[in-house]
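Novice: Got a structure for you, start-v5.txt, holding compact mmCIF, C-alpha atoms.
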# COMPACT_ATOMS: atom_id res chain seq x y z
CA MET S 1 -74.72 1.93 148.73
CA GLU S 2 -74.74 2.25 144.93
CA ARG S 3 -76.41 5.67 145.15
CA LEU S 4 -73.90 6.93 147.70
CA ALA S 5 -70.98 5.83 145.55
CA ALA S 6 -72.58 7.41 142.50
CA GLU S 7 -72.88 10.71 144.36
CA ILE S 8 -69.21 10.56 145.31
CA LEU S 9 -68.04 9.78 141.80
CA GLY S 10 -70.48 11.98 139.91
CA ALA S 11 -73.46 11.15 137.76
CA ARG S 12 -71.32 10.48 134.68
CA LYS S 13 -70.04 7.27 136.30
CA THR S 14 -73.36 5.87 137.51
CA SER S 15 -73.17 3.02 135.03
CA LEU S 16 -70.00 1.77 136.68
CA LEU S 17 -71.83 1.15 139.92
CA ARG S 18 -74.49 -0.92 138.18
CA GLY S 19 -71.73 -3.24 137.03
CA ASP S 20 -72.69 -2.92 133.38
CA ALA S 21 -69.59 -1.09 132.18
CA SER S 22 -66.93 -3.00 130.30
CA GLY S 23 -63.70 -4.16 131.90
CA GLY S 24 -64.71 -4.59 135.50
CA ASP S 25 -65.64 -6.99 138.21
CA GLY S 26 -69.08 -5.52 138.49
CA ILE S 27 -68.87 -3.25 141.51
CA GLN S 28 -72.38 -4.13 142.62
CA SER S 29 -71.36 -7.78 142.83
CA ILE S 30 -68.51 -7.23 145.29
CA LEU S 31 -70.59 -4.70 147.22
CA HIS S 32 -72.99 -7.48 148.13
CA ARG S 33 -70.55 -10.36 148.72
CA ASP S 34 -70.25 -11.77 152.23
CA TYR S 35 -66.56 -11.19 152.95
CA GLY S 36 -66.74 -12.76 156.40
CA GLN S 37 -67.88 -16.05 154.94
CA ALA S 38 -65.25 -15.92 152.19
CA LEU S 39 -62.46 -15.20 154.68
CA ARG S 40 -63.47 -18.09 156.95
CA LYS S 41 -63.66 -20.43 153.97
CA CYS S 42 -60.18 -19.60 152.64
CA LEU S 43 -58.07 -18.78 155.71
CA ASP S 44 -58.39 -19.53 159.40
CA ARG S 45 -57.25 -17.09 162.06
CA SER S 46 -53.96 -18.87 162.73
CA GLN S 47 -53.01 -18.71 159.06
CA VAL S 48 -53.73 -14.98 158.86
CA ALA S 49 -51.80 -14.39 162.10
CA GLU S 50 -48.82 -16.31 160.73
CA ILE S 51 -48.79 -14.27 157.52
CA VAL S 52 -49.00 -11.04 159.50
CA ALA S 53 -46.17 -12.11 161.83
CA GLU S 54 -43.92 -13.01 158.90
CA ALA S 55 -44.71 -9.76 157.10
CA THR S 56 -44.06 -7.70 160.24
CA CYS S 57 -40.73 -9.40 160.82
CA ALA S 58 -39.48 -9.39 157.24
CA VAL S 59 -41.00 -6.39 155.47
CA TRP S 60 -43.34 -4.04 157.35
CA PRO S 61 -42.41 -3.59 161.04
CA ASN S 62 -45.41 -1.29 161.59
CA LEU S 63 -47.95 -3.42 159.73
CA ASN S 64 -51.43 -3.01 161.21
CA ARG S 65 -50.14 -0.21 163.44
CA GLU S 66 -49.50 2.59 160.96
CA PRO S 67 -50.72 3.11 157.38
CA VAL S 68 -48.12 2.15 154.79
CA ARG S 69 -46.47 5.08 153.02
CA LEU S 70 -46.39 5.60 149.29
CA VAL S 71 -42.86 5.54 147.92
CA SER S 72 -41.51 5.41 144.39
CA PRO S 73 -41.26 2.06 142.59
CA LYS S 74 -37.47 2.31 142.72
CA GLU S 75 -37.65 2.82 146.46
CA PHE S 76 -39.83 -0.28 146.82
CA THR S 77 -37.23 -2.35 144.98
CA ARG S 78 -34.37 -0.84 147.01
CA LEU S 79 -36.08 -1.53 150.32
CA TRP S 80 -36.86 -5.13 149.42
CA SER S 81 -33.75 -6.01 147.40
CA SER S 82 -32.40 -8.25 150.16
CA LEU S 83 -35.45 -10.52 150.31
CA GLY S 84 -34.41 -12.91 147.57
CA VAL S 85 -36.73 -11.54 144.89
CA GLU S 86 -36.04 -10.11 141.45
CA PHE S 87 -38.01 -7.00 140.49
CA ARG S 88 -39.11 -5.74 137.09
CA LEU S 89 -40.99 -2.54 136.35
CA ALA S 90 -43.09 -2.16 133.22
CA LYS S 91 -45.17 0.79 132.04
CA LEU S 92 -48.17 -0.67 130.23
CA GLY S 93 -50.50 2.24 129.67
CA SER S 94 -52.79 0.92 126.96
CA PRO S 95 -56.36 -0.07 127.95
CA GLU S 96 -55.31 -3.70 127.66
CA GLY S 97 -52.10 -3.09 129.60
CA LEU S 98 -53.89 -1.29 132.43
CA ALA S 99 -55.88 -4.44 133.15
CA LEU S 100 -52.64 -5.84 134.60
CA LEU S 101 -51.37 -4.49 137.92
CA GLY S 102 -48.54 -6.98 138.35
CA PHE S 103 -47.60 -10.60 138.78
CA TYR S 104 -45.55 -12.94 140.94
CA ALA S 105 -43.56 -15.77 139.35
CA PRO S 106 -42.18 -18.23 141.96
CA LYS S 107 -39.15 -19.27 139.90
CA ILE S 108 -37.69 -17.50 136.89
CA GLY S 109 -34.43 -17.56 134.96
CA ALA S 110 -31.28 -19.56 135.57
CA ALA S 111 -31.06 -18.48 139.20
CA LYS S 112 -34.59 -19.75 139.86
CA ARG S 113 -35.36 -16.71 141.96
CA PRO S 114 -38.92 -15.42 142.40
CA LEU S 115 -39.87 -12.46 140.21
CA ILE S 116 -42.21 -9.59 141.04
CA CYS S 117 -43.30 -7.43 138.11
CA VAL S 118 -45.41 -4.29 138.61
CA ASN S 119 -47.13 -2.09 136.03
CA THR S 120 -46.04 1.47 136.82
CA ALA S 121 -48.57 3.03 134.42
CA HIS S 122 -51.07 2.99 137.28
CA HIS S 123 -51.69 5.58 139.99
CA PRO S 124 -49.01 5.44 142.73
CA ALA S 125 -51.57 4.03 145.18
CA ALA S 126 -52.37 1.16 142.80
CA VAL S 127 -48.65 0.58 142.22
CA GLY S 128 -48.07 0.42 145.98
CA ALA S 129 -50.95 -2.01 146.42
CA ALA S 130 -49.53 -4.19 143.63
CA PHE S 131 -46.07 -4.27 145.25
CA THR S 132 -47.65 -5.19 148.59
CA HIS S 133 -49.91 -7.85 147.10
CA GLU S 134 -47.09 -9.51 145.16
CA MET S 135 -44.78 -9.47 148.18
CA GLY S 136 -47.67 -11.07 150.04
CA HIS S 137 -47.51 -13.95 147.56
CA HIS S 138 -43.80 -14.33 148.27
CA LEU S 139 -44.30 -14.40 152.04
CA ALA S 140 -47.28 -16.73 151.87
CA ALA S 141 -45.36 -19.15 149.65
CA ARG S 142 -42.58 -19.27 152.25
CA ILE S 143 -44.99 -19.79 155.13
CA PHE S 144 -47.08 -22.49 153.49
CA ASP S 145 -44.07 -24.08 151.77
CA SER S 146 -45.73 -23.81 148.39
CA LYS S 147 -44.03 -25.76 145.60
CA SER S 148 -46.20 -24.26 142.87
CA ASP S 149 -44.46 -22.75 139.85
CA GLN S 150 -47.66 -21.07 138.68
CA VAL S 151 -47.43 -17.38 137.81
CA GLN S 152 -50.01 -15.43 139.82
CA LEU S 153 -51.42 -12.43 138.00
CA LEU S 154 -52.95 -9.43 139.74
CA ALA S 155 -55.53 -7.98 137.37
CA SER S 156 -57.74 -4.99 138.05
CA THR S 157 -60.88 -6.92 137.14
CA VAL S 158 -60.84 -10.06 139.28
CA TYR S 159 -61.22 -9.06 142.92
CA GLU S 160 -64.28 -11.26 143.43
CA GLU S 161 -62.31 -14.26 142.22
CA HIS S 162 -59.82 -13.64 145.04
CA LEU S 163 -62.56 -14.58 147.50
CA GLU S 164 -62.34 -18.16 146.28
CA GLU S 165 -58.54 -18.51 146.30
CA SER S 166 -56.55 -18.77 149.53
CA ALA S 167 -53.27 -17.55 148.03
CA GLU S 168 -54.84 -14.43 146.53
CA LEU S 169 -56.83 -13.62 149.65
CA ALA S 170 -53.75 -14.04 151.84
CA ALA S 171 -51.89 -11.49 149.72
CA ASP S 172 -54.88 -9.16 149.81
CA CYS S 173 -54.98 -9.36 153.61
CA LEU S 174 -51.58 -7.67 153.77
CA VAL S 175 -52.79 -4.83 151.54
CA SER S 176 -55.88 -4.34 153.70
CA LEU S 177 -53.89 -4.34 156.93
CA GLY S 178 -51.32 -2.03 155.40
CA VAL S 179 -53.68 0.71 154.26
CA LEU S 180 -56.22 0.35 157.10
CA PRO S 181 -54.37 -0.42 160.35
CA GLN S 182 -56.24 -1.63 163.40
CA SER S 183 -56.82 1.77 165.03
CA ILE S 184 -58.67 3.00 161.94
CA ALA S 185 -60.50 -0.28 161.38
CA ARG S 186 -61.77 -0.38 164.96
CA LYS S 187 -62.93 3.22 164.82
CA TRP S 188 -64.88 2.68 161.61
CA PHE S 189 -66.08 -0.91 161.71
CA ASP S 190 -66.38 -1.58 165.45
CA ASP S 191 -67.10 1.71 167.19
CA GLY S 192 -68.50 3.51 164.15
CA GLU S 193 -71.10 0.94 163.09
CA SER S 194 -74.23 -0.14 164.90
CA ALA S 195 -74.54 -3.70 166.22
CA SER S 196 -76.97 -4.56 163.42
CA ALA S 197 -74.56 -3.22 160.79
CA ARG S 198 -71.72 -5.29 162.24
CA ARG S 199 -73.85 -8.42 161.93
CA ASP S 200 -74.30 -7.81 158.19
CA HIS S 201 -71.15 -9.15 156.55
CA ARG S 202 -72.21 -8.02 153.10
CA GLN S 203 -72.47 -4.27 153.47
CA ILE S 204 -70.34 -1.51 154.91
CA ALA S 205 -72.60 1.08 156.55
CA LYS S 206 -73.13 4.08 154.28
CA PRO S 207 -71.54 6.71 156.58
CA VAL S 208 -68.50 4.45 157.02
CA PHE S 209 -68.27 3.85 153.28
CA ALA S 210 -68.12 7.61 152.75
CA LYS S 211 -65.25 7.81 155.26
CA VAL S 212 -63.41 5.04 153.41
CA ILE S 213 -63.63 6.92 150.12
CA ASP S 214 -62.52 10.18 151.75
CA TYR S 215 -59.61 8.41 153.45
CA PHE S 216 -58.25 6.97 150.21
CA GLU S 217 -58.70 10.29 148.44
CA THR S 218 -56.89 12.21 151.19
CA ARG S 219 -54.11 9.83 152.30
CA TYR S 220 -53.39 8.14 148.99
CA ARG S 221 -54.37 10.98 146.64
CA LEU S 222 -56.97 8.93 144.75
CA ASP S 223 -59.19 11.62 143.24
CA PHE S 224 -61.90 9.29 141.94
CA ALA S 225 -63.88 12.01 140.17
CA GLY S 226 -60.75 13.17 138.34
CA LEU S 227 -59.46 9.77 137.28
CA PRO S 228 -59.45 8.70 133.64
CA SER S 229 -62.53 6.65 132.88
CA GLU S 230 -60.51 3.49 132.21
CA LYS S 231 -59.18 3.58 135.79
CA THR S 232 -62.20 4.77 137.77
CA GLU S 233 -64.09 1.49 138.05
CA HIS S 234 -60.98 -0.57 138.68
CA TYR S 235 -59.77 1.62 141.54
CA LEU S 236 -63.18 1.94 143.16
CA ALA S 237 -63.56 -1.85 143.03
CA ALA S 238 -60.14 -2.20 144.70
CA VAL S 239 -61.03 0.21 147.50
CA ILE S 240 -64.31 -1.57 148.19
CA HIS S 241 -62.60 -4.96 148.10
CA TYR S 242 -59.78 -4.05 150.47
CA ALA S 243 -62.11 -2.17 152.84
CA LYS S 244 -64.59 -5.05 153.06
CA LEU S 245 -61.76 -7.52 153.59
CA ARG S 246 -60.32 -5.32 156.35
CA ARG S 247 -63.72 -5.19 158.02
CA ALA S 248 -63.97 -8.98 157.86
CA LEU S 249 -60.50 -9.43 159.38
CA LEU S 250 -61.54 -7.28 162.33
CA LEU S 251 -65.03 -8.63 162.92
CA GLU S 252 -64.22 -12.29 162.24
CA TYR S 253 -60.72 -12.63 163.72
CA SER S 254 -60.23 -9.45 165.81
CA ILE S 255 -57.14 -8.60 163.73
Show me this structure written as structure tokens.
Specialist:
Amino acid sequence: MERLAAEILGARKTSLLRGDASGGDGIQSILHRDYGQALRKCLDRSQVAEIVAEATCAVWPNLNREPVRLVSPKEFTRLWSSLGVEFRLAKLGSPEGLALLGFYAPKIGAAKRPLICVNTAHHPAAVGAAFTHEMGHHLAARIFDSKSDQVQLLASTVYEEHLEESAELAADCLVSLGVLPQSIARKWFDDGESASARRDHRQIAKPVFAKVIDYFETRYRLDFAGLPSEKTEHYLAAVIHYAKLRRALLLEYSI
């Protein structure tokens, strides 16, 4: 898997796939994590189904049926302005700033309304994923009646940590279902993989992994080889994370 990804990205980024570059999760680490086990530990099928139903009703009527479209940050805020959330956009383009994708604050200001802040210095695909993830926090808090006032940060370096936290994984589920709806997931992870590959919850089969990369490059204009070096590892880690989570949702819960 590491060699295939290195071929896709080019030899100059081989170190990223060994997980020894600075500022990242360690791509090799999430490549080998058992996402099926992590999903079952954090969320049962009924919880995922409830989150999906709420998201379909309130925000994305075609969730898990059609891939979400990329729109401008202002369009995101316009579309969701009636959902009881305040939005803030910030352009944090420094290396330190790029580590932050966004955050969700349950209660902020005198009105005590939830706040979603997104870093617009990122690629539009990463910005869209951040909006979706943070809205996922808002929906999950409503469903599970969370009373927590804790600010939940979405950083580009902590995807593996999400596998241990139910709230983060619930928000990530909506991103995975949004970018890889069921028709695509079934074609790749059910029909496209052998029975032995489907039994291995750690690895995506190499031919399927290549299709995942091509899909994100084509549909969401993520040219990995042309990305600035400070973004390459972060975005590749995100794609692997969301693809493996989507595979787990299908194979574990038939979603």
Novice: Kindly indicate which residue among S:Ser81, S:Thr56, S:Ser29, S:Thr218 lies nearest to Gly136 (chain S), using all atoms listed in the file for the distances.
Specialist: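 Nearest to Gly136 (chain S): S:Thr56.
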Novice: Point out the residue among S:Val48, S:Leu63, S:Ala243, S:Leu139 with the least atom-to-atom distance to Gly84 (chain S), counting only C-alpha atoms.
Specialist: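 Smallest separation from Gly84 (chain S) among the options: S:Leu139.
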Novice: Using all atoms listed in the file, which of S:Asp44, S:Glu54, S:Glu161, S:Glu66 sits nearest His241 (chain S)?
Specialist: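 Looking only at the distances to His241 (chain S), the closest residue turns out to be S:Glu161.
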Novice: Measuring between only C-alpha atoms, which one of S:Leu174, S:Leu98, S:Val179, S:Ile30 shows the shortest distance to Val59 (chain S)?
Specialist: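 Between S:Leu174, S:Leu98, S:Val179, S:Ile30, the residue approaching Val59 (chain S) most closely is S:Leu174.
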Novice: Using Å and a single decimal, report how far CA of Gly178 (chain S) sits from CA of Ala155 (chain S).
Specialist: 19.4 Å
Novice: Is it possible to get the residues within 7 Å of (-61.0, 8.9, 159.9) (coordinates as in the file, counting all atoms listed in the file) written as a list in words?
Specialist: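 Residues close enough to count: Ile184, Lys211 and Tyr215 of chain S.
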Novice: Please identify all polymer residues within 9 Å of Val127 (chain S), counting all atoms listed in the file, omitting same-chain residues fewer than 3 positions from it, and present them as a PyMOL selection string.
Specialist: chain S and resi 70+72-73+101-102+118-124+130-132
Novice: Next, write the just-selected residues to a file, as a PDB file, keeping the file's coordinate frame, keeping C-alpha atoms as the atom set.
Specialist:
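Result went into selection.pdb, see below:
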ATOM      1  CA  LEU S  70     -46.390   5.600 149.290  1.00  0.00           C
ATOM      2  CA  SER S  72     -41.510   5.410 144.390  1.00  0.00           C
ATOM      3  CA  PRO S  73     -41.260   2.060 142.590  1.00  0.00           C
ATOM      4  CA  LEU S 101     -51.370  -4.490 137.920  1.00  0.00           C
ATOM      5  CA  GLY S 102     -48.540  -6.980 138.350  1.00  0.00           C
ATOM      6  CA  VAL S 118     -45.410  -4.290 138.610  1.00  0.00           C
ATOM      7  CA  ASN S 119     -47.130  -2.090 136.030  1.00  0.00           C
ATOM      8  CA  THR S 120     -46.040   1.470 136.820  1.00  0.00           C
ATOM      9  CA  ALA S 121     -48.570   3.030 134.420  1.00  0.00           C
ATOM     10  CA  HIS S 122     -51.070   2.990 137.280  1.00  0.00           C
ATOM     11  CA  HIS S 123     -51.690   5.580 139.990  1.00  0.00           C
ATOM     12  CA  PRO S 124     -49.010   5.440 142.730  1.00  0.00           C
ATOM     13  CA  ALA S 130     -49.530  -4.190 143.630  1.00  0.00           C
ATOM     14  CA  PHE S 131     -46.070  -4.270 145.250  1.00  0.00           C
ATOM     15  CA  THR S 132     -47.650  -5.190 148.590  1.00  0.00           C
TER      16      THR S 132
END
Novice: Which is closest to Ile143 (chain S) among S:Glu252, S:Glu217, S:Glu50, S:Asp190, if we use only C-alpha atoms?
Specialist: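 Looking only at the distances to Ile143 (chain S), the closest residue turns out to be S:Glu50.
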Novice: Which residues are close to His138 (chain S), i.e. within 12 Å by only C-alpha atoms, leaving aside same-chain residues fewer than 6 positions away? Reply as JSON, numbers by chain.
Specialist: {"S": [51, 54, 55, 58, 59, 80, 83, 84, 85, 86, 103, 104, 105, 106, 107, 113, 114, 115, 116, 131, 132, 144, 145, 146, 147, 148, 149, 151, 152, 167, 168, 170, 171, 174]}
Novice: If you measure from CA of Asp191 (chain S) to CA of Leu249 (chain S), what distance in Å do you get, rounded to one decimal?
Specialist: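 Interatomic distance, CA of Asp191 (chain S) to CA of Leu249 (chain S): 15.1 Å.
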Novice: In Å, with one decimal, what is the gap from CA of Arg221 (chain S) to CA of Val158 (chain S)?
Specialist: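 Here the two named atoms are 23.2 Å from each other.
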Novice: Determine the nearest neighbour of Ile255 (chain S) from the options S:Arg199, S:Arg88, S:Arg186, S:Lys206, counting all atoms listed in the file.
Specialist: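 Answer, going by the shortest atom-to-atom distance: S:Arg186.
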Novice: Could you give me, as number ranges by chain, the residues within 7 Å of Gln203 (chain S), counting all atoms listed in the file and dropping anything in the same chain fewer than 3 positions from it?
Specialist: S: 31-32, 200
Novice: Using only C-alpha atoms, please write the residues we just selected to a file, as an mmCIF file, keeping the file's coordinate frame.
Specialist:
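To be explicit, this is the file written out as result.cif:
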data_model
loop_
_atom_site.group_PDB
_atom_site.id
_atom_site.type_symbol
_atom_site.label_atom_id
_atom_site.label_comp_id
_atom_site.auth_asym_id
_atom_site.auth_seq_id
_atom_site.Cartn_x
_atom_site.Cartn_y
_atom_site.Cartn_z
ATOM 1 C CA LEU S 31 -70.590 -4.700 147.220
ATOM 2 C CA HIS S 32 -72.990 -7.480 148.130
ATOM 3 C CA ASP S 200 -74.300 -7.810 158.190
#
